[in-house]
>>> print(open('data_2.cif').read())   # mmCIF, C-alpha atoms
data_structure
#
loop_
_atom_site.label_atom_id
_atom_site.label_comp_id
_atom_site.auth_asym_id
_atom_site.auth_seq_id
_atom_site.Cartn_x
_atom_site.Cartn_y
_atom_site.Cartn_z
CA MET O 1 0.00 0.00 0.00
CA ASN O 2 1.26 3.49 -0.79
CA ILE O 3 -0.52 5.18 2.10
CA PRO O 4 0.52 5.38 5.76
CA VAL O 5 -0.84 2.45 7.80
CA PHE O 6 -0.56 2.38 11.56
CA HIS O 7 -1.84 -0.06 14.18
CA ASP O 8 -2.42 2.01 17.28
CA ASP O 9 -2.51 -0.83 19.83
CA GLN O 10 0.87 -1.99 18.56
CA HIS O 11 2.89 1.01 17.51
CA GLY O 12 1.10 3.64 19.58
CA THR O 13 1.80 1.75 22.78
CA ALA O 14 5.42 1.25 21.76
CA ILE O 15 5.94 4.93 20.93
CA ILE O 16 4.35 6.35 24.08
CA SER O 17 5.78 3.81 26.52
CA GLY O 18 9.15 4.21 24.81
CA ALA O 19 9.15 7.91 25.68
CA ALA O 20 8.30 7.04 29.29
CA LEU O 21 11.09 4.46 29.29
CA LEU O 22 13.71 6.95 28.10
CA ASN O 23 12.69 9.57 30.64
CA GLY O 24 12.21 7.11 33.47
CA LEU O 25 15.71 5.76 33.00
CA GLU O 26 17.07 9.30 32.93
CA VAL O 27 15.35 10.07 36.24
CA VAL O 28 16.81 6.98 37.94
CA GLU O 29 20.18 7.51 36.21
CA LYS O 30 20.39 4.18 34.41
CA GLU O 31 21.78 3.52 30.94
CA ILE O 32 19.34 1.84 28.57
CA GLY O 33 22.02 -0.56 27.37
CA ASP O 34 22.46 -1.90 30.90
CA VAL O 35 18.88 -2.46 32.03
CA ARG O 36 16.98 -5.73 32.24
CA VAL O 37 13.38 -5.67 30.98
CA ALA O 38 10.55 -8.08 31.78
CA ILE O 39 7.46 -7.93 29.55
CA LEU O 40 4.25 -9.67 30.62
CA GLY O 41 2.17 -10.41 27.54
CA ALA O 42 3.23 -11.60 24.11
CA GLY O 43 0.58 -10.24 21.80
CA ALA O 44 0.81 -7.52 19.16
CA SER O 45 1.42 -4.71 21.65
CA ALA O 46 4.09 -6.57 23.60
CA ILE O 47 5.99 -7.63 20.49
CA SER O 48 5.89 -4.13 19.02
CA CYS O 49 7.05 -2.61 22.31
CA ALA O 50 9.88 -5.12 22.61
CA LYS O 51 11.12 -4.32 19.11
CA HIS O 52 10.90 -0.59 19.76
CA TYR O 53 12.74 -0.86 23.08
CA ILE O 54 15.54 -2.77 21.38
CA ARG O 55 15.81 -0.03 18.76
CA LEU O 56 15.98 2.48 21.63
CA GLY O 57 18.99 0.62 23.01
CA VAL O 58 17.83 -2.27 25.21
CA LYS O 59 20.07 -5.29 24.58
CA PRO O 60 18.04 -8.22 23.22
CA ASP O 61 19.51 -10.66 25.72
CA ASN O 62 18.39 -8.35 28.55
CA LEU O 63 14.74 -8.57 27.53
CA LEU O 64 12.51 -11.42 28.70
CA MET O 65 8.96 -11.88 27.43
CA VAL O 66 6.39 -13.90 29.33
CA ASP O 67 3.20 -15.34 27.82
CA SER O 68 0.44 -17.40 29.41
CA LYS O 69 2.75 -20.44 29.54
CA GLY O 70 5.76 -18.68 31.04
CA ILE O 71 9.04 -17.15 29.93
CA ILE O 72 9.65 -17.47 26.19
CA THR O 73 12.77 -19.64 26.11
CA THR O 74 14.85 -21.32 23.43
CA LYS O 75 13.74 -24.69 24.83
CA ARG O 76 10.13 -23.82 24.07
CA MET O 77 11.15 -22.84 20.56
CA GLU O 78 12.93 -26.18 20.08
CA ASP O 79 9.82 -27.96 21.35
CA GLY O 80 7.73 -26.21 18.67
CA ASP O 81 5.75 -24.31 21.30
CA LEU O 82 6.23 -20.84 19.78
CA ASN O 83 4.96 -19.14 16.64
CA GLU O 84 7.29 -17.18 14.37
CA TYR O 85 6.53 -13.87 16.12
CA LYS O 86 7.28 -15.07 19.63
CA SER O 87 10.34 -17.05 18.52
CA GLU O 88 12.25 -13.83 17.89
CA PHE O 89 12.21 -13.23 21.65
CA ALA O 90 13.21 -16.72 22.80
CA ARG O 91 16.10 -16.51 25.24
CA ASP O 92 18.49 -19.15 26.52
CA VAL O 93 17.38 -18.95 30.16
CA GLU O 94 15.75 -21.21 32.71
CA GLU O 95 12.03 -21.70 32.37
CA GLY O 96 9.72 -19.87 34.75
CA GLY O 97 6.98 -17.28 34.93
CA ILE O 98 6.71 -13.55 35.51
CA GLU O 99 7.95 -13.99 39.10
CA GLU O 100 11.24 -15.39 37.84
CA ALA O 101 11.48 -12.83 35.02
CA LEU O 102 11.11 -9.95 37.48
CA ARG O 103 14.10 -10.94 39.60
CA ASN O 104 16.74 -8.20 39.24
CA ALA O 105 14.73 -6.60 36.43
CA ASP O 106 15.00 -2.82 36.08
CA VAL O 107 11.83 -2.45 34.00
CA PHE O 108 8.46 -4.18 34.04
CA LEU O 109 6.06 -3.69 31.15
CA GLY O 110 2.61 -5.19 31.60
CA LEU O 111 0.34 -5.69 28.58
CA SER O 112 -1.78 -8.52 29.91
CA LYS O 113 -4.63 -8.34 32.43
CA GLY O 114 -5.37 -6.84 35.79
CA GLY O 115 -4.17 -8.13 39.11
CA VAL O 116 -1.72 -10.77 37.87
CA VAL O 117 1.37 -9.27 39.55
CA SER O 118 1.58 -9.26 43.34
CA ALA O 119 3.53 -6.87 45.54
CA GLU O 120 5.78 -9.75 46.59
CA MET O 121 6.84 -10.31 42.97
CA ILE O 122 8.36 -6.83 42.64
CA ILE O 123 10.38 -6.95 45.86
CA PRO O 124 13.32 -8.75 44.12
CA MET O 125 13.45 -6.20 41.28
CA ALA O 126 16.51 -3.98 40.93
CA GLU O 127 16.82 -0.65 42.73
CA ASN O 128 14.66 2.19 41.39
CA PRO O 129 12.58 -0.03 39.09
CA LEU O 130 10.26 1.28 36.39
CA ILE O 131 6.88 -0.43 36.59
CA PHE O 132 4.61 0.16 33.60
CA ALA O 133 1.37 -1.70 34.40
CA LEU O 134 -0.71 -0.88 31.33
CA ALA O 135 -3.63 -3.32 31.45
CA ASN O 136 -6.94 -1.42 31.42
CA PRO O 137 -9.11 -0.71 33.26
CA ASP O 138 -7.30 -2.60 36.02
CA PRO O 139 -3.47 -2.62 35.88
CA GLU O 140 -1.43 -5.74 36.54
CA ILE O 141 -0.47 -4.14 39.85
CA THR O 142 -1.74 -0.84 41.25
CA PRO O 143 0.54 1.99 42.33
CA GLU O 144 -0.72 1.54 45.90
CA GLU O 145 0.38 -2.09 45.87
CA VAL O 146 3.77 -1.15 44.46
CA TYR O 147 4.40 1.57 47.03
CA SER O 148 3.40 -0.73 49.88
CA VAL O 149 6.66 -2.63 49.31
CA ARG O 150 8.86 -0.34 47.15
CA ASP O 151 9.28 3.36 47.88
CA ASP O 152 11.95 3.65 45.17
CA ALA O 153 9.76 2.60 42.22
CA ILE O 154 8.40 4.75 39.39
CA VAL O 155 4.95 3.59 38.34
CA ALA O 156 2.98 4.27 35.17
CA THR O 157 -0.45 2.97 34.18
CA GLY O 158 -2.92 3.52 31.37
CA ARG O 159 -5.29 5.40 33.66
CA SER O 160 -5.86 9.12 34.06
CA ASP O 161 -6.39 8.95 37.84
CA TYR O 162 -2.74 8.05 38.46
CA PRO O 163 0.45 9.94 37.54
CA ASN O 164 2.34 8.94 34.39
CA GLN O 165 -0.61 7.96 32.22
CA ILE O 166 0.70 6.13 29.17
CA ASN O 167 -2.12 6.89 26.76
CA ASN O 168 -2.10 6.19 23.03
CA VAL O 169 -3.95 9.42 22.35
CA LEU O 170 -0.53 11.07 22.76
CA GLY O 171 0.48 9.33 19.55
CA PHE O 172 -1.78 8.52 16.66
CA PRO O 173 -3.55 11.88 16.05
CA TYR O 174 -0.25 13.76 15.85
CA ILE O 175 1.68 11.07 14.02
CA PHE O 176 -0.94 11.07 11.28
CA ARG O 177 -1.11 14.87 11.26
CA GLY O 178 2.59 15.03 10.45
CA ALA O 179 2.47 12.13 7.98
CA LEU O 180 -0.50 13.45 6.06
CA ASP O 181 0.73 17.05 5.94
CA VAL O 182 3.84 15.96 4.03
CA ARG O 183 1.88 13.27 2.14
CA ALA O 184 4.05 10.44 3.42
CA SER O 185 3.63 7.10 1.69
CA GLU O 186 4.16 5.04 4.86
CA ILE O 187 4.89 5.14 8.60
CA THR O 188 8.56 4.25 9.05
CA GLU O 189 10.59 3.20 12.06
CA GLY O 190 12.33 6.57 11.82
CA MET O 191 9.03 8.41 12.10
CA LYS O 192 8.05 6.30 15.11
CA MET O 193 11.40 6.99 16.75
CA ALA O 194 11.01 10.72 16.08
CA ALA O 195 7.61 10.63 17.78
CA THR O 196 9.04 8.89 20.84
CA LYS O 197 11.94 11.28 21.21
CA SER O 198 9.78 14.38 20.70
CA LEU O 199 7.44 13.30 23.52
CA ALA O 200 10.38 12.53 25.79
CA GLN O 201 11.89 15.95 25.15
CA LEU O 202 8.62 17.85 25.56
CA ALA O 203 8.16 16.41 29.06
CA LYS O 204 11.30 18.28 30.13
CA GLU O 205 9.92 21.66 29.06
CA PRO O 206 8.15 23.97 31.57
CA VAL O 207 4.44 23.13 31.70
CA PRO O 208 2.25 26.12 30.74
CA ASP O 209 -0.59 27.34 32.94
CA ASP O 210 -3.32 26.19 30.54
CA VAL O 211 -2.17 22.59 30.93
CA SER O 212 -2.01 22.85 34.71
CA SER O 213 -5.49 24.36 34.83
CA ALA O 214 -6.85 21.50 32.72
CA TYR O 215 -5.69 19.18 35.50
CA GLY O 216 -7.10 21.06 38.47
CA GLY O 217 -4.12 23.35 38.93
CA GLU O 218 -1.68 20.45 39.36
CA GLN O 219 1.93 21.62 39.26
CA MET O 220 3.92 19.39 36.92
CA THR O 221 7.66 19.23 36.55
CA PHE O 222 9.79 16.55 34.93
CA GLY O 223 10.47 13.76 37.39
CA ARG O 224 9.10 10.60 38.96
CA ASP O 225 5.45 11.62 38.68
CA TYR O 226 5.69 13.34 35.31
CA LEU O 227 7.58 11.28 32.72
CA ILE O 228 5.55 12.17 29.61
CA PRO O 229 3.25 15.02 28.58
CA LYS O 230 -0.43 15.03 29.50
CA PRO O 231 -3.02 14.20 26.81
CA PHE O 232 -4.57 17.69 27.04
CA ASP O 233 -1.24 19.43 26.40
CA ALA O 234 -1.79 21.24 23.09
CA ARG O 235 1.96 21.49 22.53
CA VAL O 236 2.06 17.77 21.70
CA LEU O 237 0.60 18.58 18.28
CA ILE O 238 3.38 21.02 17.47
CA TRP O 239 6.26 18.93 18.81
CA GLU O 240 5.23 15.49 17.65
CA ALA O 241 3.64 16.23 14.29
CA SER O 242 6.60 18.37 13.24
CA ALA O 243 9.09 15.69 14.33
CA VAL O 244 7.23 13.03 12.35
CA ALA O 245 6.88 15.26 9.28
CA GLU O 246 10.58 16.17 9.37
CA ALA O 247 11.57 12.51 9.65
CA ALA O 248 9.39 11.58 6.67
CA VAL O 249 10.90 14.34 4.55
CA ASN O 250 14.45 13.43 5.56
CA GLU O 251 13.84 9.76 4.75
CA GLY O 252 12.52 10.64 1.30
CA ILE O 253 9.13 9.02 1.71
CA ALA O 254 7.20 12.32 1.67
CA ARG O 255 5.56 13.53 -1.51
CA ILE O 256 6.97 17.01 -1.11
CA ALA O 257 10.57 17.91 -1.84
CA LYS O 258 13.00 18.40 1.01
CA ASP O 259 13.75 21.93 -0.22
CA ASP O 260 10.04 22.77 0.00
CA PHE O 261 9.74 21.84 3.68
CA ASN O 262 10.59 24.44 6.31
CA LEU O 263 10.30 23.10 9.84
CA ASN O 264 9.76 26.47 11.52
CA ASP O 265 7.07 27.47 9.04
CA TYR O 266 5.33 24.14 9.55
CA ARG O 267 5.38 24.52 13.34
CA GLU O 268 3.82 27.97 12.97
CA LYS O 269 1.05 26.50 10.79
CA LEU O 270 0.37 23.86 13.40
CA GLU O 271 0.18 26.52 16.10
CA SER O 272 -2.34 28.51 14.03
CA ARG O 273 -4.47 25.40 13.53
CA LEU O 274 -5.03 25.08 17.25
CA GLY O 275 -7.29 28.13 17.21
CA LEU O 276 -9.76 28.06 20.09
CA THR O 277 -8.22 24.84 21.38
CA ARG O 278 -5.75 27.03 23.27
CA SER O 279 -8.54 28.55 25.35
#
>>> encode(input="data_2.cif", output="structure tokens")
Amino acid sequence: MNIPVFHDDQHGTAIISGAALLNGLEVVEKEIGDVRVAILGAGASAISCAKHYIRLGVKPDNLLMVDSKGIITTKRMEDGDLNEYKSEFARDVEEGGIEEALRNADVFLGLSKGGVVSAEMIIPMAENPLIFALANPDPEITPEEVYSVRDDAIVATGRSDYPNQINNVLGFPYIFRGALDVRASEITEGMKMAATKSLAQLAKEPVPDDVSSAYGGEQMTFGRDYLIPKPFDARVLIWEASAVAEAAVNEGIARIAKDDFNLNDYREKLESRLGLTRS
């Protein structure tokens, strides 16, 4: 197909959680190439997130994926227990479940179902763990459960009533805005990476009053409780759409010439499109 195609549950989750991963690791002062990641779930979202995290710098051997039968291991692949998509993430480790995968892990990503991770399971995680429990409406483990045993953890969920909401609405509207404005013929890995990095960078900018007022006057600064921008932050349009559009032009998959694209002019056009949205 010569039009941009994008599966939000796969790539949207990868892009948004990837931004939270980058910023969370910066907050806890860990290098992405050193961290161990445990992913609970092995469907489309989990596989897309795993691939994106590896592109961000996670070492493949440091990433364990767990499905309903346990850790995805090379033994299971040899036994013919894995399909071609899961086989890519088979690791030469002992068999076990999420409890074993979480031992000494720096990052937990949950894309499964609510309540399947207990507080006891996260006690053996590494210091300052990132816990992204994204099952909705009930996360794999709630922030309250995490903080009952770990006061050093950073927690994100898919819900708006907790800090660090990892919500796909931060992705697809703006990714398509940028792609369509430059008439891109596809959504590339470079465009997805540009979206992730733009969100990560925007979270470090001062939060304007209109965003704070949209959230009951909450004061937000980059840190443990504010890893990524809020969904009602109108700046996301300008930052993310322009990053995606620029990446498409630079990769040569846009239908406008590189010489005809001016990033500053495009950002000004996006700003003007907001109109009454600002108020």
>>> closest_atom_pairs(input="data_2.cif", of="region 135-239 of chain O", to="region 21-36 of chain O", cutoff="7 Å", atoms="only C-alpha atoms", output="JSON lines")
{"residue": "O:Ala200", "atom": "CA", "partner": "O:Asn23", "partner_atom": "CA", "distance": 6.1}
{"residue": "O:Gly223", "atom": "CA", "partner": "O:Val27", "partner_atom": "CA", "distance": 6.2}
{"residue": "O:Arg224", "atom": "CA", "partner": "O:Val27", "partner_atom": "CA", "distance": 6.8}
{"residue": "O:Leu227", "atom": "CA", "partner": "O:Asn23", "partner_atom": "CA", "distance": 5.8}
>>> residues_around(input="data_2.cif", residues="region 155-171 of chain O", least_positions_apart="3", cutoff="6 Å", atoms="all atoms listed in the file", output="ChimeraX atom specification")
/O:12-13,131-134,174-175,225-227,231
>>> resolve_selection(input="data_2.cif", expression="the PyMOL selection byres ((chain O and resi 208) around 10)", output="ChimeraX atom specification")
/O:205-207,209-213,219-220,233-235
>>> resolve_selection(input="data_2.cif", expression="the PyMOL selection byres ((chain O and resi 105) around 12)", output="VMD selection string")
chain O and resid 34 to 39 62 to 65 98 to 104 106 to 109 121 to 131 153
>>> closest_residue(input="data_2.cif", among="O:Gly190, O:Gly275, O:Pro229, O:Pro143", to="Val249 (chain O)", atoms="only C-alpha atoms")
O:Gly190
>>> closest_residue(input="data_2.cif", among="O:Pro4, O:Gly252, O:Gly70, O:Gly57", to="Val93 (chain O)", atoms="all atoms listed in the file")
O:Gly70
>>> residues_around(input="data_2.cif", residues="Ala44 (chain O)", least_positions_apart="4", cutoff="12 Å", atoms="all atoms listed in the file", output="list in words")
His7, Asp8, Asp9, Gln10, His11, Gly12, Thr13, Ala14, Ser48, Cys49, Ala50, Lys51, Asp67, Tyr85, Lys86, Leu111 and Ser112 of chain O
>>> closest_residue(input="data_2.cif", among="O:Ala19, O:Thr196, O:Tyr147, O:Val182", to="Lys258 (chain O)", atoms="only C-alpha atoms")
O:Val182
>>> atom_distance(input="data_2.cif", atom1="CA of Glu246 (chain O)", atom2="CA of Ile47 (chain O)")
26.7 Å
>>> atom_distance(input="data_2.cif", atom1="CA of Asp138 (chain O)", atom2="CA of Ser68 (chain O)")
18.0 Å
>>> resolve_selection(input="data_2.cif", expression="the PyMOL selection byres ((chain O and resi 185) around 6)", output="list in words")
Asn2, Ile3, Pro4, Ala184, Glu186 and Ile253 of chain O
>>> closest_residue(input="data_2.cif", among="O:Val66, O:Val244, O:Asp151, O:Glu140", to="Glu189 (chain O)", atoms="only C-alpha atoms")
O:Val244
>>> closest_atom_pairs(input="data_2.cif", of="region 202-255 of chain O", to="region 267-274 of chain O", cutoff="9 Å", atoms="all atoms listed in the file", output="Markdown table")
| residue | atom | partner | partner_atom | distance |
| --- | --- | --- | --- | --- |
| O:Ala234 | CA | O:Leu274 | CA | 7.7 |
| O:Arg235 | CA | O:Glu271 | CA | 8.4 |
| O:Leu237 | CA | O:Leu270 | CA | 7.2 |
| O:Ile238 | CA | O:Arg267 | CA | 5.8 |
| O:Trp239 | CA | O:Arg267 | CA | 7.9 |
| O:Ala241 | CA | O:Leu270 | CA | 8.3 |
| O:Ser242 | CA | O:Arg267 | CA | 6.3 |
>>> closest_residue(input="data_2.cif", among="O:Val149, O:Leu202, O:Ile187, O:Val116", to="Ala247 (chain O)", atoms="all atoms listed in the file")
O:Ile187
>>> atom_distance(input="data_2.cif", atom1="CA of Met193 (chain O)", atom2="CA of Phe261 (chain O)")
19.9 Å
>>> closest_residue(input="data_2.cif", among="O:Ile54, O:Ala245, O:Ile154, O:Val5", to="Arg183 (chain O)", atoms="all atoms listed in the file")
O:Ala245
>>> decode(input="data_2.cif", residues="region 27-45 of chain O", atoms="N, CA and C atoms", output="short mmCIF file (atom, residue, chain, number, x, y, z; two decimals), in the first residue's frame")
data_model
loop_
_atom_site.label_atom_id
_atom_site.label_comp_id
_atom_site.auth_asym_id
_atom_site.auth_seq_id
_atom_site.Cartn_x
_atom_site.Cartn_y
_atom_site.Cartn_z
N VAL O 27 15.63 9.66 34.86
CA VAL O 27 15.35 10.07 36.24
C VAL O 27 16.10 9.20 37.24
N VAL O 28 16.14 7.89 36.99
CA VAL O 28 16.81 6.98 37.94
C VAL O 28 18.28 6.78 37.60
N GLU O 29 18.76 7.50 36.58
CA GLU O 29 20.18 7.51 36.21
C GLU O 29 20.69 6.12 35.84
N LYS O 30 19.97 5.47 34.94
CA LYS O 30 20.39 4.18 34.41
C LYS O 30 20.57 4.28 32.91
N GLU O 31 21.54 3.55 32.37
CA GLU O 31 21.78 3.52 30.94
C GLU O 31 20.91 2.44 30.30
N ILE O 32 20.27 2.78 29.19
CA ILE O 32 19.34 1.84 28.57
C ILE O 32 20.03 0.55 28.12
N GLY O 33 21.30 0.63 27.79
CA GLY O 33 22.02 -0.56 27.37
C GLY O 33 22.36 -1.51 28.50
N ASP O 34 22.12 -1.06 29.74
CA ASP O 34 22.46 -1.90 30.90
C ASP O 34 21.24 -2.53 31.56
N VAL O 35 20.04 -2.04 31.26
CA VAL O 35 18.88 -2.46 32.03
C VAL O 35 18.31 -3.79 31.56
N ARG O 36 17.67 -4.48 32.51
CA ARG O 36 16.98 -5.73 32.24
C ARG O 36 15.48 -5.44 32.22
N VAL O 37 14.80 -5.95 31.19
CA VAL O 37 13.38 -5.67 30.98
C VAL O 37 12.58 -6.96 31.01
N ALA O 38 11.47 -6.95 31.75
CA ALA O 38 10.55 -8.08 31.78
C ALA O 38 9.21 -7.61 31.23
N ILE O 39 8.73 -8.29 30.19
CA ILE O 39 7.46 -7.93 29.55
C ILE O 39 6.45 -9.05 29.80
N LEU O 40 5.32 -8.70 30.39
CA LEU O 40 4.25 -9.67 30.62
C LEU O 40 3.18 -9.48 29.56
N GLY O 41 3.03 -10.49 28.71
CA GLY O 41 2.17 -10.41 27.54
C GLY O 41 3.02 -10.64 26.31
N ALA O 42 2.46 -11.30 25.32
CA ALA O 42 3.23 -11.60 24.11
C ALA O 42 2.37 -11.45 22.87
N GLY O 43 1.42 -10.52 22.95
CA GLY O 43 0.58 -10.24 21.80
C GLY O 43 1.18 -9.13 20.94
N ALA O 44 0.34 -8.53 20.11
CA ALA O 44 0.81 -7.52 19.16
C ALA O 44 1.47 -6.34 19.86
N SER O 45 0.85 -5.85 20.94
CA SER O 45 1.42 -4.71 21.65
C SER O 45 2.77 -5.05 22.25
#
